[in-house]
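The structure appears below as structure tokens.
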Amino acid sequence: MMAVAAARALSGRQRVFVGIGLPSTAANLARRTHAPDLVLVYESGTLGSKPDRLPASIGDGILAETADAVISVPEVFNYWLQPGRIDIGFLGAAQLDRFGNINTTVVGDYGRPKVRLPGAGGAPEIAASCREVYVVVRQTRRSFVERVDFVTSFGHGTGRGDRERLGLRGAGPTLVITDLGVFRPDAATAELVLTALHEGVSLDDVRTATGWDLKVAPDLGRTPPPTADELAALRALKEASK
């Protein structure tokens, strides 16, 4: 459901900065179904990749073999990402707070952490410079926290206006997709608001898995279940990757 919901959010000839895992699954699913003209950009320097299976890593040869161009990693960041030429950037999170700030660095105090996480990679640049950021994360009280222990990738700070004050080019997180539902930032405050529930999920389920007093849209919707075509395309991608 997470992959399908994320795929549906992509359209047209959007330039999408793709990470391995669910973001790659979603982007390739969208390209195979309703958005064949998506331009997939991977951090390794492949522009316009068209893999016929899910890549195992950003260094998977199929990304270069099927790309329109292969450039250096500094060029990806300096020429494509930082000037705002990427429409959508996908990110994951170990912790996400109510203003869309992301932590992938440490759980606990930075000097004496309980858990040391993989770190930033290119995520801070993606969060800062993509025109929009989509976050895909499994939702529990450990991942959906009132305030992240460390801001690895800046979302909306403490509310609307913080990005502008810092001179950040992109709009920040505009969509958060979890295994329970879909969230979007409030237009006035930038706080994440639940806008849709996935099939079989109740509002109480989402409240229980949220570490803050959850805001709910007055017109709360329900995510349509995957179609037969979406499921067939998704299964074909996964089967080809075995």
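Residue numbering restarts at 1 in every chain; chains get A, B, ... in the order shown in the structure tokens, and ligands count up from 1 in that same order.
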Next on the checklist: Among stretch 48-194 of chain A, which ones does DSSP assign to alpha helix (DSSP H) (computed from the backbone)? Answer as a PyMOL selection string.
Outcome noted: chain A and resi 61-65+73-75+123-129+162-166
Next on the checklist: Using only C-alpha atoms, which protein or nucleic acid residues come within 10 Å of A:Gly119? Drop anything in the same chain fewer than 3 positions from it, and give the result as JSON, numbers by chain.
Outcome noted: {"A": [103, 104, 105, 106, 116, 122, 123, 152]}
I need the residues from that last selection saved to file as a PDB file, in the first residue's frame (with N, CA, C and O atoms), if you can.
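Contents of result_19.pdb, as written:
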ATOM      1  N   ASN A 103      15.212  12.469  11.357  1.00  0.00           N
ATOM      2  CA  ASN A 103      16.418  12.025  12.048  1.00  0.00           C
ATOM      3  C   ASN A 103      16.830  10.663  11.508  1.00  0.00           C
ATOM      4  O   ASN A 103      16.064   9.704  11.548  1.00  0.00           O
ATOM      5  N   THR A 104      18.047  10.588  10.991  1.00  0.00           N
ATOM      6  CA  THR A 104      18.655   9.302  10.624  1.00  0.00           C
ATOM      7  C   THR A 104      20.081   9.224  11.188  1.00  0.00           C
ATOM      8  O   THR A 104      20.933   8.548  10.638  1.00  0.00           O
ATOM      9  N   THR A 105      20.322   9.958  12.285  1.00  0.00           N
ATOM     10  CA  THR A 105      21.686  10.064  12.830  1.00  0.00           C
ATOM     11  C   THR A 105      21.851   9.308  14.147  1.00  0.00           C
ATOM     12  O   THR A 105      22.656   8.381  14.236  1.00  0.00           O
ATOM     13  N   VAL A 106      21.114   9.708  15.184  1.00  0.00           N
ATOM     14  CA  VAL A 106      21.228   9.036  16.487  1.00  0.00           C
ATOM     15  C   VAL A 106      19.874   9.030  17.182  1.00  0.00           C
ATOM     16  O   VAL A 106      19.052   9.918  16.977  1.00  0.00           O
ATOM     17  N   ARG A 116      23.131   4.426  17.297  1.00  0.00           N
ATOM     18  CA  ARG A 116      23.747   5.229  16.244  1.00  0.00           C
ATOM     19  C   ARG A 116      23.218   4.715  14.902  1.00  0.00           C
ATOM     20  O   ARG A 116      23.330   3.541  14.589  1.00  0.00           O
ATOM     21  N   GLY A 122      23.064  11.841   1.317  1.00  0.00           N
ATOM     22  CA  GLY A 122      22.648  13.027   0.567  1.00  0.00           C
ATOM     23  C   GLY A 122      21.329  13.601   1.025  1.00  0.00           C
ATOM     24  O   GLY A 122      20.835  14.584   0.438  1.00  0.00           O
ATOM     25  N   ALA A 123      20.740  13.023   2.083  1.00  0.00           N
ATOM     26  CA  ALA A 123      19.392  13.421   2.499  1.00  0.00           C
ATOM     27  C   ALA A 123      19.260  14.901   2.862  1.00  0.00           C
ATOM     28  O   ALA A 123      18.254  15.530   2.499  1.00  0.00           O
ATOM     29  N   THR A 152      18.589  15.568  11.192  1.00  0.00           N
ATOM     30  CA  THR A 152      19.487  15.221  10.092  1.00  0.00           C
ATOM     31  C   THR A 152      19.089  15.971   8.833  1.00  0.00           C
ATOM     32  O   THR A 152      19.925  16.548   8.140  1.00  0.00           O
TER      33      THR A 152
END
Checklist entry - Got a sec: who's within 9 Å of stretch 54-57 of chain A, counting only C-alpha atoms, leaving out chain neighbours fewer than 5 positions off, as a PyMOL selection string? => result chain A and resi 19-21+24-25+28+62-63+237-238+240-241
Can I get the selection written as a JSON list (two decimals), in the first residue's frame, with all heavy atoms?
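Output file again_19.json follows:
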[["chain", "number", "residue", "atom", "x", "y", "z"],
["A", 19, "GLY", "N", 15.64, 6.99, -4.10],
["A", 19, "GLY", "CA", 16.47, 6.19, -3.22],
["A", 19, "GLY", "C", 16.09, 4.72, -3.34],
["A", 19, "GLY", "O", 15.01, 4.38, -3.82],
["A", 20, "ILE", "N", 17.00, 3.86, -2.93],
["A", 20, "ILE", "CA", 16.74, 2.42, -2.99],
["A", 20, "ILE", "C", 15.71, 2.05, -1.92],
["A", 20, "ILE", "O", 15.61, 2.68, -0.87],
["A", 20, "ILE", "CB", 18.05, 1.63, -2.81],
["A", 20, "ILE", "CG1", 18.99, 1.92, -3.99],
["A", 20, "ILE", "CG2", 17.79, 0.14, -2.70],
["A", 20, "ILE", "CD1", 18.43, 1.59, -5.35],
["A", 21, "GLY", "N", 14.95, 1.00, -2.18],
["A", 21, "GLY", "CA", 13.90, 0.57, -1.25],
["A", 21, "GLY", "C", 12.55, 1.01, -1.76],
["A", 21, "GLY", "O", 12.30, 1.05, -2.97],
["A", 24, "SER", "N", 12.32, 3.65, -4.66],
["A", 24, "SER", "CA", 12.63, 3.09, -5.98],
["A", 24, "SER", "C", 11.48, 2.23, -6.49],
["A", 24, "SER", "O", 11.11, 2.29, -7.67],
["A", 24, "SER", "CB", 13.93, 2.28, -5.91],
["A", 24, "SER", "OG", 14.29, 1.81, -7.20],
["A", 25, "THR", "N", 10.89, 1.44, -5.58],
["A", 25, "THR", "CA", 9.75, 0.62, -5.95],
["A", 25, "THR", "C", 8.60, 1.50, -6.44],
["A", 25, "THR", "O", 7.99, 1.25, -7.48],
["A", 25, "THR", "CB", 9.28, -0.23, -4.76],
["A", 25, "THR", "OG1", 10.35, -1.05, -4.31],
["A", 25, "THR", "CG2", 8.10, -1.11, -5.14],
["A", 28, "ASN", "N", 9.44, 3.29, -9.90],
["A", 28, "ASN", "CA", 9.41, 2.36, -11.03],
["A", 28, "ASN", "C", 8.01, 1.82, -11.29],
["A", 28, "ASN", "O", 7.63, 1.56, -12.44],
["A", 28, "ASN", "CB", 10.40, 1.23, -10.80],
["A", 28, "ASN", "CG", 11.83, 1.63, -11.10],
["A", 28, "ASN", "OD1", 12.21, 1.77, -12.26],
["A", 28, "ASN", "ND2", 12.61, 1.87, -10.05],
["A", 62, "ILE", "N", 22.31, -1.89, -13.96],
["A", 62, "ILE", "CA", 21.14, -1.68, -14.81],
["A", 62, "ILE", "C", 20.72, -0.21, -14.85],
["A", 62, "ILE", "O", 20.13, 0.24, -15.84],
["A", 62, "ILE", "CB", 19.96, -2.57, -14.33],
["A", 62, "ILE", "CG1", 18.90, -2.66, -15.44],
["A", 62, "ILE", "CG2", 19.35, -2.04, -13.03],
["A", 62, "ILE", "CD1", 17.83, -3.68, -15.17],
["A", 63, "LEU", "N", 21.06, 0.55, -13.83],
["A", 63, "LEU", "CA", 20.72, 1.98, -13.82],
["A", 63, "LEU", "C", 21.53, 2.73, -14.87],
["A", 63, "LEU", "O", 21.00, 3.60, -15.58],
["A", 63, "LEU", "CB", 20.95, 2.56, -12.43],
["A", 63, "LEU", "CG", 20.07, 2.01, -11.32],
["A", 63, "LEU", "CD1", 20.45, 2.63, -9.99],
["A", 63, "LEU", "CD2", 18.60, 2.25, -11.63],
["A", 237, "LEU", "N", 7.61, -6.42, -11.17],
["A", 237, "LEU", "CA", 8.88, -5.78, -10.81],
["A", 237, "LEU", "C", 9.64, -6.61, -9.78],
["A", 237, "LEU", "O", 10.84, -6.82, -9.89],
["A", 237, "LEU", "CB", 8.62, -4.38, -10.24],
["A", 237, "LEU", "CG", 8.47, -3.22, -11.22],
["A", 237, "LEU", "CD1", 8.02, -1.97, -10.49],
["A", 237, "LEU", "CD2", 9.80, -2.96, -11.95],
["A", 238, "LYS", "N", 8.92, -7.08, -8.77],
["A", 238, "LYS", "CA", 9.56, -7.84, -7.71],
["A", 238, "LYS", "C", 10.02, -9.20, -8.21],
["A", 238, "LYS", "O", 11.09, -9.69, -7.81],
["A", 238, "LYS", "CB", 8.60, -7.98, -6.52],
["A", 238, "LYS", "CG", 8.32, -6.65, -5.84],
["A", 238, "LYS", "CD", 7.67, -6.81, -4.48],
["A", 238, "LYS", "CE", 7.62, -5.46, -3.76],
["A", 238, "LYS", "NZ", 7.13, -5.57, -2.40],
["A", 240, "ALA", "N", 10.95, -9.94, -11.29],
["A", 240, "ALA", "CA", 12.10, -9.73, -12.14],
["A", 240, "ALA", "C", 13.37, -9.46, -11.34],
["A", 240, "ALA", "O", 14.48, -9.62, -11.86],
["A", 240, "ALA", "CB", 11.84, -8.58, -13.10],
["A", 241, "SER", "N", 13.21, -9.05, -10.09],
["A", 241, "SER", "CA", 14.37, -8.70, -9.26],
["A", 241, "SER", "C", 14.95, -9.88, -8.50],
["A", 241, "SER", "O", 15.98, -9.76, -7.85],
["A", 241, "SER", "CB", 13.97, -7.61, -8.26],
["A", 241, "SER", "OG", 13.44, -6.48, -8.94]]
Checklist entry - Do you have the atom CA of A:Ala171-atom CA of A:Phe77 distance handy? => result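 Taking atom CA of A:Ala171 as the start and atom CA of A:Phe77 as the end point, the length is 17.5 Å.
Straight-line separation from atom CA of A:Ala127 to atom CA of A:Gly172: 5.9 Å.
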Next on the checklist: Considering only strand (DSSP E) as DSSP defines it on the backbone, what residues of stretch 164-230 of chain A qualify? List them as a PyMOL selection string.
Outcome noted: chain A and resi 173-177+181-185+192-197+215-222
Next on the checklist: Can you tell me which residues surround A:Thr140 at a distance of at most 9 Å, considering only C-alpha atoms, apart from same-chain residues fewer than 2 positions away, and format the answer as a list in words?
Outcome noted: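 Counting only the stated atoms, we get Arg138, Arg142, Ser143, Phe144, Val145, Val206, Thr208, Ala209, Thr210 and Gly211 of chain A.
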Item to check | Selected residue, from A:Ser49, A:Ala233, A:Gly111, A:Gly181, that lies nearest to A:Ala26 when counting only C-alpha atoms | outcome: A:Ala233
Checklist outcome for this item: The residue from A:Gly221, A:Pro173, A:Gly108, A:Gly92 with the smallest atom-to-atom distance to A:Ala120, counting only C-alpha atoms, is A:Gly92
